[in-house]
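K.L.:
Input structure: work-v4.txt, which contains compact mmCIF, C-alpha atoms (C1' of nucleotides).
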```txt
# COMPACT_ATOMS: atom_id res chain seq x y z
CA MET T 180 57.19 86.82 -105.43
CA LYS T 181 59.15 84.40 -107.55
CA LEU T 182 57.47 83.29 -110.75
CA GLU T 183 57.58 79.67 -109.57
CA GLN T 184 55.29 80.51 -106.66
CA ALA T 185 53.15 82.94 -108.63
CA ILE T 186 52.09 80.40 -111.21
CA GLN T 187 52.84 77.27 -109.16
CA SER T 188 55.08 75.76 -111.75
CA ASP T 189 58.78 75.33 -112.25
CA LYS T 190 58.84 73.61 -115.62
CA PHE T 191 60.09 76.39 -117.83
CA GLY T 192 62.27 74.61 -120.34
CA THR T 193 64.66 77.46 -121.05
CA GLN T 194 65.36 80.78 -119.39
CA VAL T 195 63.92 82.44 -122.49
CA GLN T 196 60.61 80.64 -122.04
CA LYS T 197 60.61 81.57 -118.37
CA ALA T 198 61.36 85.19 -119.31
CA ALA T 199 58.33 85.27 -121.61
CA LEU T 200 56.05 84.06 -118.79
CA ASN T 201 57.76 86.43 -116.38
CA VAL T 202 57.07 89.42 -118.62
CA LEU T 203 53.42 88.41 -119.00
CA TYR T 204 53.02 87.91 -115.27
CA THR T 205 54.77 91.17 -114.37
CA ALA T 206 52.57 93.06 -116.81
CA TRP T 207 49.47 91.63 -115.14
CA TRP T 208 50.91 92.51 -111.73
CA LEU T 209 51.61 96.09 -112.81
CA LYS T 210 48.20 96.56 -114.40
CA THR T 211 46.47 95.31 -111.26
CA LEU T 212 48.57 97.59 -109.07
CA ILE T 213 47.76 100.66 -111.12
CA SER T 214 44.12 99.80 -111.77
CA LYS T 215 43.44 99.50 -108.06
CA GLU T 216 44.41 103.14 -107.67
CA LEU T 217 42.59 104.33 -110.80
CA LYS T 218 39.38 102.68 -109.70
CA LYS T 219 38.97 105.22 -106.92
CA TYR T 220 38.62 107.84 -109.65
CA GLY T 221 36.31 105.77 -111.84
CA LEU T 222 39.00 105.27 -114.47
CA THR T 223 40.26 102.13 -116.11
CA HIS T 224 43.88 101.61 -117.05
CA GLU T 225 43.08 102.17 -120.72
CA GLN T 226 41.01 105.28 -120.14
CA TYR T 227 43.88 106.69 -118.08
CA ASN T 228 46.28 105.87 -120.89
CA VAL T 229 44.16 107.74 -123.44
CA LEU T 230 43.85 110.74 -121.12
CA ARG T 231 47.64 110.81 -120.66
CA ILE T 232 48.11 110.78 -124.41
CA LEU T 233 45.59 113.59 -124.89
CA LYS T 234 47.30 115.64 -122.20
CA GLY T 235 50.64 115.17 -123.94
CA LYS T 236 49.39 117.16 -126.95
CA HIS T 237 47.01 119.51 -125.18
CA PRO T 238 45.86 122.15 -126.05
CA GLU T 239 46.22 120.62 -129.52
CA LEU T 240 43.40 118.26 -130.49
CA MET T 241 44.16 114.70 -131.55
CA CYS T 242 42.52 112.33 -133.99
CA VAL T 243 41.60 108.73 -133.15
CA ARG T 244 44.41 107.23 -135.19
CA ASP T 245 47.09 109.32 -133.52
CA ILE T 246 45.86 108.20 -130.13
CA GLY T 247 45.88 104.58 -131.29
CA ASN T 248 49.49 104.89 -132.44
CA ARG T 249 50.52 105.98 -128.98
CA MET T 250 48.63 103.28 -127.11
CA ILE T 251 50.67 100.59 -125.38
CA GLU T 252 48.29 97.91 -126.64
CA LYS T 253 48.05 98.60 -130.34
CA SER T 254 44.83 96.66 -130.78
CA SER T 255 42.96 98.90 -128.37
CA ASN T 256 39.62 100.01 -129.72
CA VAL T 257 40.05 103.74 -129.23
CA PRO T 258 36.56 104.88 -130.33
CA ARG T 259 35.04 102.69 -127.63
CA ILE T 260 37.36 104.02 -124.93
CA LEU T 261 36.49 107.55 -126.04
CA ASP T 262 32.79 106.71 -125.63
CA ARG T 263 33.32 106.17 -121.89
CA LEU T 264 35.56 109.21 -121.48
CA GLU T 265 32.95 111.35 -123.20
CA LEU T 266 30.21 110.05 -120.91
CA LYS T 267 32.33 111.06 -117.91
CA LYS T 268 33.01 114.47 -119.52
CA PHE T 269 36.76 113.86 -119.48
CA ALA T 270 37.02 114.18 -123.27
CA GLU T 271 35.05 115.76 -126.10
CA ARG T 272 34.64 114.77 -129.74
CA SER T 273 34.08 117.04 -132.69
CA THR T 274 34.38 116.60 -136.44
CA SER T 275 37.54 118.00 -137.94
CA ASN T 276 37.08 121.00 -140.24
CA ILE T 277 40.03 120.10 -142.44
CA ASP T 278 39.00 116.47 -143.00
CA LYS T 279 35.43 115.58 -142.13
CA ARG T 280 36.35 111.91 -141.76
CA GLU T 281 38.52 112.72 -138.79
CA THR T 282 37.28 113.13 -135.26
CA ALA T 283 39.07 115.80 -133.25
CA ILE T 284 39.38 114.89 -129.61
CA ASN T 285 39.98 117.25 -126.75
CA ILE T 286 40.64 116.61 -123.09
CA THR T 287 38.36 118.66 -120.85
CA THR T 288 39.35 120.69 -117.81
CA SER T 289 37.99 118.01 -115.50
CA GLY T 290 39.91 115.43 -117.54
CA LEU T 291 43.13 117.31 -116.90
CA GLN T 292 42.19 117.68 -113.28
CA VAL T 293 41.45 114.02 -112.60
CA LEU T 294 44.65 113.09 -114.41
CA GLU T 295 46.70 115.33 -112.16
CA GLU T 296 45.01 113.98 -109.03
CA VAL T 297 45.56 110.37 -110.06
CA TYR T 298 49.16 111.00 -110.99
CA GLN T 299 49.89 112.42 -107.55
CA LYS T 300 48.45 109.26 -106.01
CA LEU T 301 50.32 106.94 -108.36
CA ILE T 302 53.79 108.25 -107.51
CA PRO T 303 53.85 106.86 -103.96
CA VAL T 304 52.26 103.60 -105.19
CA PHE T 305 55.14 103.20 -107.65
CA MET T 306 57.67 104.10 -104.98
CA GLU T 307 56.27 101.65 -102.50
CA HIS T 308 55.63 98.64 -104.71
CA ILE T 309 58.11 98.75 -107.55
CA ALA T 310 61.33 97.61 -105.96
CA LEU T 311 63.76 98.72 -108.63
CA GLY T 312 66.46 101.35 -108.61
CA GLU T 313 67.20 103.55 -111.61
CA GLU T 314 70.23 101.50 -112.59
CA ASP T 315 68.33 98.21 -112.53
CA ALA T 316 65.44 99.83 -114.39
CA LYS T 317 67.83 101.01 -117.08
CA GLN T 318 69.23 97.50 -117.44
CA LEU T 319 65.70 96.09 -117.58
CA ASN T 320 64.81 98.51 -120.37
CA THR T 321 67.87 97.41 -122.32
CA LEU T 322 66.97 93.74 -122.00
CA LEU T 323 63.31 94.22 -122.92
CA GLU T 324 64.26 96.17 -126.01
CA ARG T 325 66.84 93.57 -126.93
CA MET T 326 64.14 90.92 -126.54
CA ARG T 327 61.96 92.64 -129.15
CA GLU T 328 64.83 93.43 -131.51
CA ASN T 329 63.76 90.97 -134.23
CA GLU T 330 60.69 92.90 -135.24
CA MET E 735 61.74 98.35 -131.79
CA LYS E 736 62.61 100.89 -129.14
CA LEU E 737 59.80 101.84 -126.80
CA GLU E 738 60.08 105.47 -127.92
CA GLN E 739 59.07 104.50 -131.45
CA ALA E 740 56.53 101.92 -130.35
CA ILE E 741 54.43 104.35 -128.37
CA GLN E 742 55.65 107.53 -130.06
CA SER E 743 56.70 109.20 -126.86
CA ASP E 744 59.91 109.88 -125.03
CA LYS E 745 58.62 111.57 -121.90
CA PHE E 746 59.18 108.86 -119.34
CA GLY E 747 60.20 110.77 -116.25
CA THR E 748 62.33 108.07 -114.67
CA GLN E 749 63.82 104.81 -115.92
CA VAL E 750 61.47 103.01 -113.53
CA GLN E 751 58.45 104.59 -115.19
CA LYS E 752 59.84 103.71 -118.58
CA ALA E 753 60.44 100.15 -117.40
CA ALA E 754 56.80 99.82 -116.35
CA LEU E 755 55.63 100.90 -119.80
CA ASN E 756 58.25 98.69 -121.39
CA VAL E 757 57.01 95.63 -119.51
CA LEU E 758 53.41 96.36 -120.49
CA TYR E 759 54.34 96.89 -124.13
CA THR E 760 56.52 93.78 -124.29
CA ALA E 761 53.72 91.70 -122.79
CA TRP E 762 51.34 92.93 -125.48
CA TRP E 763 53.98 92.20 -128.13
CA LEU E 764 54.50 88.67 -126.82
CA LYS E 765 50.78 87.95 -126.58
CA THR E 766 50.24 89.13 -130.14
CA LEU E 767 53.14 87.04 -131.40
CA ILE E 768 51.84 83.87 -129.76
CA SER E 769 48.16 84.49 -130.49
CA LYS E 770 48.85 84.83 -134.19
CA GLU E 771 50.14 81.26 -134.17
CA LEU E 772 47.40 79.92 -131.90
CA LYS E 773 44.70 81.36 -134.09
CA LYS E 774 45.49 78.84 -136.80
CA TYR E 775 44.35 76.18 -134.36
CA GLY E 776 41.28 78.05 -133.17
CA LEU E 777 42.80 78.68 -129.76
CA THR E 778 43.17 81.89 -127.79
CA HIS E 779 46.17 82.63 -125.62
CA GLU E 780 44.17 81.96 -122.48
CA GLN E 781 42.65 78.72 -123.74
CA TYR E 782 46.14 77.54 -124.62
CA ASN E 783 47.32 78.46 -121.15
CA VAL E 784 44.56 76.41 -119.52
CA LEU E 785 45.32 73.44 -121.76
CA ARG E 786 49.01 73.64 -120.82
CA ILE E 787 48.08 73.63 -117.15
CA LEU E 788 45.75 70.65 -117.59
CA LYS E 789 48.44 68.76 -119.46
CA GLY E 790 50.89 69.41 -116.64
CA LYS E 791 48.76 67.30 -114.27
CA HIS E 792 47.36 64.84 -116.79
CA PRO E 793 46.14 62.11 -116.36
CA GLU E 794 45.14 63.60 -113.02
CA LEU E 795 42.01 65.76 -113.13
CA MET E 796 42.09 69.34 -111.90
CA CYS E 797 39.52 71.56 -110.24
CA VAL E 798 38.74 75.11 -111.37
CA ARG E 799 40.52 76.74 -108.46
CA ASP E 800 43.75 74.85 -109.03
CA ILE E 801 43.77 75.95 -112.65
CA GLY E 802 43.11 79.53 -111.57
CA ASN E 803 46.07 79.45 -109.20
CA ARG E 804 48.35 78.49 -112.04
CA MET E 805 47.09 81.09 -114.48
CA ILE E 806 49.41 83.95 -115.39
CA GLU E 807 46.56 86.45 -115.11
CA LYS E 808 45.06 85.68 -111.73
CA SER E 809 41.78 87.40 -112.51
CA SER E 810 41.07 85.07 -115.40
CA ASN E 811 37.55 83.73 -115.34
CA VAL E 812 38.39 80.05 -115.61
CA PRO E 813 34.82 78.68 -115.85
CA ARG E 814 34.24 80.81 -118.92
CA ILE E 815 37.45 79.69 -120.61
CA LEU E 816 36.48 76.09 -119.86
CA ASP E 817 33.13 76.71 -121.57
CA ARG E 818 34.95 77.33 -124.86
CA LEU E 819 37.37 74.45 -124.42
CA GLU E 820 34.46 72.13 -123.73
CA LEU E 821 32.64 73.29 -126.88
CA LYS E 822 35.76 72.47 -128.89
CA LYS E 823 36.03 69.09 -127.14
CA PHE E 824 39.49 69.92 -125.83
CA ALA E 825 38.40 69.55 -122.20
CA GLU E 826 35.64 67.82 -120.25
CA ARG E 827 33.90 68.72 -117.02
CA SER E 828 32.47 66.35 -114.46
CA THR E 829 31.38 66.73 -110.86
CA SER E 830 33.88 65.50 -108.30
CA ASN E 831 32.81 62.47 -106.30
CA ILE E 832 34.69 63.49 -103.18
CA ASP E 833 33.29 67.03 -103.08
CA LYS E 834 30.25 67.71 -105.21
CA ARG E 835 30.97 71.44 -105.24
CA GLU E 836 34.12 70.82 -107.19
CA THR E 837 34.27 70.41 -110.95
CA ALA E 838 36.81 67.89 -112.14
CA ILE E 839 38.36 68.88 -115.44
CA ASN E 840 40.09 66.62 -117.86
CA ILE E 841 41.99 67.36 -121.03
CA THR E 842 40.81 65.21 -123.94
CA THR E 843 42.95 63.27 -126.41
CA SER E 844 42.35 65.91 -129.06
CA GLY E 845 43.22 68.55 -126.50
CA LEU E 846 46.57 66.90 -125.91
CA GLN E 847 47.03 66.52 -129.63
CA VAL E 848 46.35 70.15 -130.55
CA LEU E 849 48.62 71.25 -127.71
CA GLU E 850 51.48 69.19 -129.06
CA GLU E 851 50.95 70.48 -132.61
CA VAL E 852 50.84 74.09 -131.46
CA TYR E 853 53.91 73.68 -129.30
CA GLN E 854 55.93 72.38 -132.22
CA LYS E 855 54.92 75.45 -134.20
CA LEU E 856 55.66 77.84 -131.35
CA ILE E 857 59.28 76.78 -130.87
CA PRO E 858 60.52 78.23 -134.17
CA VAL E 859 58.40 81.36 -133.64
CA PHE E 860 60.15 81.91 -130.32
CA MET E 861 63.54 81.21 -131.86
CA GLU E 862 62.96 83.61 -134.71
CA HIS E 863 61.36 86.53 -132.90
CA ILE E 864 62.64 86.55 -129.36
CA ALA E 865 66.13 87.93 -129.67
CA LEU E 866 67.49 86.96 -126.29
CA GLY E 867 70.22 84.54 -125.28
CA GLU E 868 69.97 82.34 -122.21
CA GLU E 869 72.28 84.59 -120.20
CA ASP E 870 70.30 87.73 -120.99
CA ALA E 871 67.07 85.89 -120.29
CA LYS E 872 68.39 84.86 -116.90
CA GLN E 873 69.30 88.44 -116.11
CA LEU E 874 65.87 89.59 -117.27
CA ASN E 875 64.22 87.08 -114.96
CA THR E 876 66.28 88.36 -112.05
CA LEU E 877 65.30 91.97 -112.72
CA LEU E 878 61.59 91.22 -113.19
CA GLU E 879 61.50 89.31 -109.93
CA ARG E 880 63.38 92.08 -108.17
CA MET E 881 60.82 94.53 -109.56
CA ARG E 882 57.97 92.63 -107.89
CA GLU E 883 59.84 92.03 -104.64
CA ASN E 884 57.69 94.36 -102.51
CA GLU E 885 54.65 92.18 -102.85
C1' DA S 850 21.35 67.73 -85.06
C1' DT S 851 20.40 72.14 -86.64
C1' DT S 852 21.98 76.44 -87.95
C1' DA S 853 25.56 79.43 -89.54
C1' DA S 854 29.71 80.10 -92.07
C1' DA S 855 32.71 78.91 -95.61
C1' DT S 856 33.82 77.08 -100.05
C1' DA S 857 33.48 75.95 -105.16
C1' DC S 858 31.88 77.30 -109.02
C1' DA S 859 28.49 79.34 -112.24
C1' DT S 860 26.63 83.49 -113.91
C1' DG S 861 25.63 88.63 -114.59
C1' DT S 862 27.57 93.21 -115.89
C1' DA S 863 30.71 96.77 -117.44
C1' DC S 864 34.70 97.37 -119.85
C1' DA S 865 38.40 95.97 -123.02
C1' DT S 866 40.63 93.31 -127.00
C1' DA S 867 40.96 91.47 -131.55
C1' DC S 868 39.27 91.61 -135.73
C1' DA S 869 35.73 92.16 -139.41
C1' DT S 870 32.53 95.07 -141.67
C1' DC S 871 30.03 99.31 -142.72
C1' DT S 872 29.53 104.36 -143.78
C1' DA S 873 31.10 108.75 -144.82
C1' DT S 874 34.58 111.28 -146.73
C1' DT S 875 38.81 112.29 -149.37
C1' DT S 876 42.26 111.10 -152.77
C1' DT S 877 43.68 108.99 -156.89
C1' DT S 878 42.96 107.26 -161.35
C1' DT S 879 41.14 107.34 -165.80
C1' DA V 311 34.39 115.21 -163.98
C1' DA V 312 33.12 110.52 -162.90
C1' DA V 313 34.53 106.22 -161.07
C1' DA V 314 37.60 103.60 -158.22
C1' DA V 315 40.57 103.22 -154.36
C1' DA V 316 41.98 104.63 -149.97
C1' DT V 317 41.25 106.42 -145.45
C1' DA V 318 38.96 107.60 -140.80
C1' DG V 319 36.35 106.07 -137.61
C1' DA V 320 31.99 103.91 -135.98
C1' DT V 321 29.94 99.53 -135.03
C1' DG V 322 29.15 94.29 -134.65
C1' DT V 323 30.76 89.83 -132.61
C1' DA V 324 33.39 86.55 -129.98
C1' DT V 325 36.39 86.30 -126.30
C1' DG V 326 38.50 87.78 -122.07
C1' DT V 327 39.01 90.59 -117.53
C1' DA V 328 37.54 92.31 -113.18
C1' DC V 329 34.44 92.00 -109.89
C1' DA V 330 29.85 91.16 -107.75
C1' DT V 331 26.27 88.03 -106.82
C1' DG V 332 23.79 83.60 -106.74
C1' DT V 333 23.43 78.45 -105.85
C1' DA V 334 24.78 74.14 -104.24
C1' DT V 335 27.48 71.67 -101.05
C1' DT V 336 30.50 71.08 -97.23
C1' DT V 337 32.42 72.40 -92.79
C1' DA V 338 32.16 74.60 -88.39
C1' DA V 339 29.61 76.32 -84.50
C1' DT V 340 26.10 76.05 -81.17
```
Can you present the structure in this file as structure tokens?

P.N.:
Amino acid sequence: MKLEQAIQSDKFGTQVQKAALNVLYTAWWLKTLISKELKKYGLTHEQYNVLRILKGKHPELMCVRDIGNRMIEKSSNVPRILDRLELKKFAERSTSNIDKRETAINITTSGLQVLEEVYQKLIPVFMEHIALGEEDAKQLNTLLERMRENE
Amino acid sequence: MKLEQAIQSDKFGTQVQKAALNVLYTAWWLKTLISKELKKYGLTHEQYNVLRILKGKHPELMCVRDIGNRMIEKSSNVPRILDRLELKKFAERSTSNIDKRETAINITTSGLQVLEEVYQKLIPVFMEHIALGEEDAKQLNTLLERMRENE
DNA sequence: ATTAAATACATGTACATACATCTATTTTTT
DNA sequence: AAAAAATAGATGTATGTACATGTATTTAAT
């Protein structure tokens, strides 16, 4: 859907201003698409993100700050997200031996399992709904990174 | 900043998967950029968005559903955002005469005023931080809309 | 005309963001 | 070594999202 229809407006000033709205809208669209799938497994987008990050280092443990640095949304409140993951037994907290201020976080076996299941379901969702070839995607990545170049 | 640095990862699988993360990250980056400016005026990104929408129709009044349809994030809870705008006297609610179920919303003079002030401040912020020419922006818009083509 | 269905919006709940503050540790300074 | 500063992360608060439910009003069905 064109942005004009999506937000029922066609007063964008410049293409740059339209691009900003387009990025925001596309991000919402993507999040909704993914979240719909995750919901079947009782996961939110952010909880899934944290699990993916934990898996990336597994079997190493990670501290809260390291997870935060890898989050897409830097202002995410990681301790709170970990609270929910712990309740669902997808992650475990323990105090670090080296530095007792640090919390060492581990993904559980069922965390790894749910992650794998969800990922297998997400692939076809991506395939079906994201209408972009590898070449276009590459070009899109270039433009988005150019957009953020000034800090 | 390259996405690899931003989220401290370079395992993206495909360019399409990277593009999805890149869109999400850029949206967060944009929101943060804008919100920092809005904060000086006691506005959130979403409140600003609603005010912009109201201004677009002013002096016509709008109902809650019409505002919702124009929001970037379709799942926004418009009544709640209006609560805050009303407290700050930037918007007013009244019951529609034609259909008493509908709430007619009006932007106030100070709402229009704060919007104009903020907008004047946002222009240079855009100029300074969004490193994209009109041609690149146009191309970005094309790619984002192609991405969402399959619904 | 009366009842049923639909609509508009408000409101409740769980989760998340954005940001400030607090507590427990560790590191640095003196 | 003792005091001060820095750091890690938990927690509080206001706001927002996502979605379900409730209430008033209007429209459609019988």

K.L.:
Starting from chain E, keep only residues with some atom at most 12 Å from an atom of chain V, counting only C-alpha atoms (C1' of nucleotides), and report them as a CSV table (one decimal) with C-alpha atoms, in the coordinates of the input.

P.N.:
```csv
chain,number,residue,atom,x,y,z
E,776,GLY,CA,41.3,78.0,-133.2
E,777,LEU,CA,42.8,78.7,-129.8
E,778,THR,CA,43.2,81.9,-127.8
E,779,HIS,CA,46.2,82.6,-125.6
E,780,GLU,CA,44.2,82.0,-122.5
E,781,GLN,CA,42.6,78.7,-123.7
E,807,GLU,CA,46.6,86.4,-115.1
E,808,LYS,CA,45.1,85.7,-111.7
E,809,SER,CA,41.8,87.4,-112.5
E,810,SER,CA,41.1,85.1,-115.4
E,811,ASN,CA,37.6,83.7,-115.3
E,812,VAL,CA,38.4,80.0,-115.6
E,813,PRO,CA,34.8,78.7,-115.8
E,814,ARG,CA,34.2,80.8,-118.9
E,815,ILE,CA,37.4,79.7,-120.6
E,817,ASP,CA,33.1,76.7,-121.6
E,818,ARG,CA,35.0,77.3,-124.9
E,829,THR,CA,31.4,66.7,-110.9
E,830,SER,CA,33.9,65.5,-108.3
E,831,ASN,CA,32.8,62.5,-106.3
E,832,ILE,CA,34.7,63.5,-103.2
E,833,ASP,CA,33.3,67.0,-103.1
E,834,LYS,CA,30.2,67.7,-105.2
E,835,ARG,CA,31.0,71.4,-105.2
E,836,GLU,CA,34.1,70.8,-107.2
```

K.L.:
Select all residues from chain T having any atom no more than 7 Å from an atom of chain E (counting all atoms listed in the file, ignoring ligands), output as a ChimeraX atom specification.

P.N.:
/T:180-181,186-187,194-195,198,201-207,248-252,308-311,313,315-317,319-320,322-330

K.L.:
Set the cut-off to 7 Å and count only C-alpha atoms (C1' of nucleotides): what are the residues of chain S that reach chain T? Output as a PyMOL selection string.

P.N.:
chain S and resi 866-867+873-874

K.L.:
Would you work out the distance separating atom CA of T:Leu212 from atom CA of T:Leu291, expressed in Å to one decimal?

P.N.:
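Separating atom CA of T:Leu212 from atom CA of T:Leu291 is a distance of 21.9 Å.
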
K.L.:
Between atom C1' of S:DT856 and atom CA of E:Ala825, what is the distance in Å, rounded to a tenth?

P.N.:
23.8 Å

K.L.:
Atom CA of T:Val293 and atom C1' of S:DA863 are how many Å apart?

P.N.:
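Result for atom CA of T:Val293 versus atom C1' of S:DA863: 20.9 Å, one decimal.
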
K.L.:
Kindly extract all protein, DNA and RNA residues lying within 10 Å of the coordinates (35.9, 117.8, -123.4) given in the file, considering all atoms listed in the file, and supply them as an mmCIF file with C-alpha atoms, in the coordinates of the input.

P.N.:
```
data_model
loop_
_atom_site.group_PDB
_atom_site.id
_atom_site.type_symbol
_atom_site.label_atom_id
_atom_site.label_comp_id
_atom_site.auth_asym_id
_atom_site.auth_seq_id
_atom_site.Cartn_x
_atom_site.Cartn_y
_atom_site.Cartn_z
ATOM 1 C CA LEU T 264 35.560 109.210 -121.480
ATOM 2 C CA GLU T 265 32.950 111.350 -123.200
ATOM 3 C CA LEU T 266 30.210 110.050 -120.910
ATOM 4 C CA LYS T 267 32.330 111.060 -117.910
ATOM 5 C CA LYS T 268 33.010 114.470 -119.520
ATOM 6 C CA PHE T 269 36.760 113.860 -119.480
ATOM 7 C CA ALA T 270 37.020 114.180 -123.270
ATOM 8 C CA GLU T 271 35.050 115.760 -126.100
ATOM 9 C CA ARG T 272 34.640 114.770 -129.740
ATOM 10 C CA SER T 273 34.080 117.040 -132.690
ATOM 11 C CA ILE T 284 39.380 114.890 -129.610
ATOM 12 C CA ASN T 285 39.980 117.250 -126.750
ATOM 13 C CA ILE T 286 40.640 116.610 -123.090
ATOM 14 C CA THR T 287 38.360 118.660 -120.850
ATOM 15 C CA THR T 288 39.350 120.690 -117.810
ATOM 16 C CA SER T 289 37.990 118.010 -115.500
ATOM 17 C CA GLY T 290 39.910 115.430 -117.540
ATOM 18 C CA LEU T 291 43.130 117.310 -116.900
#
```
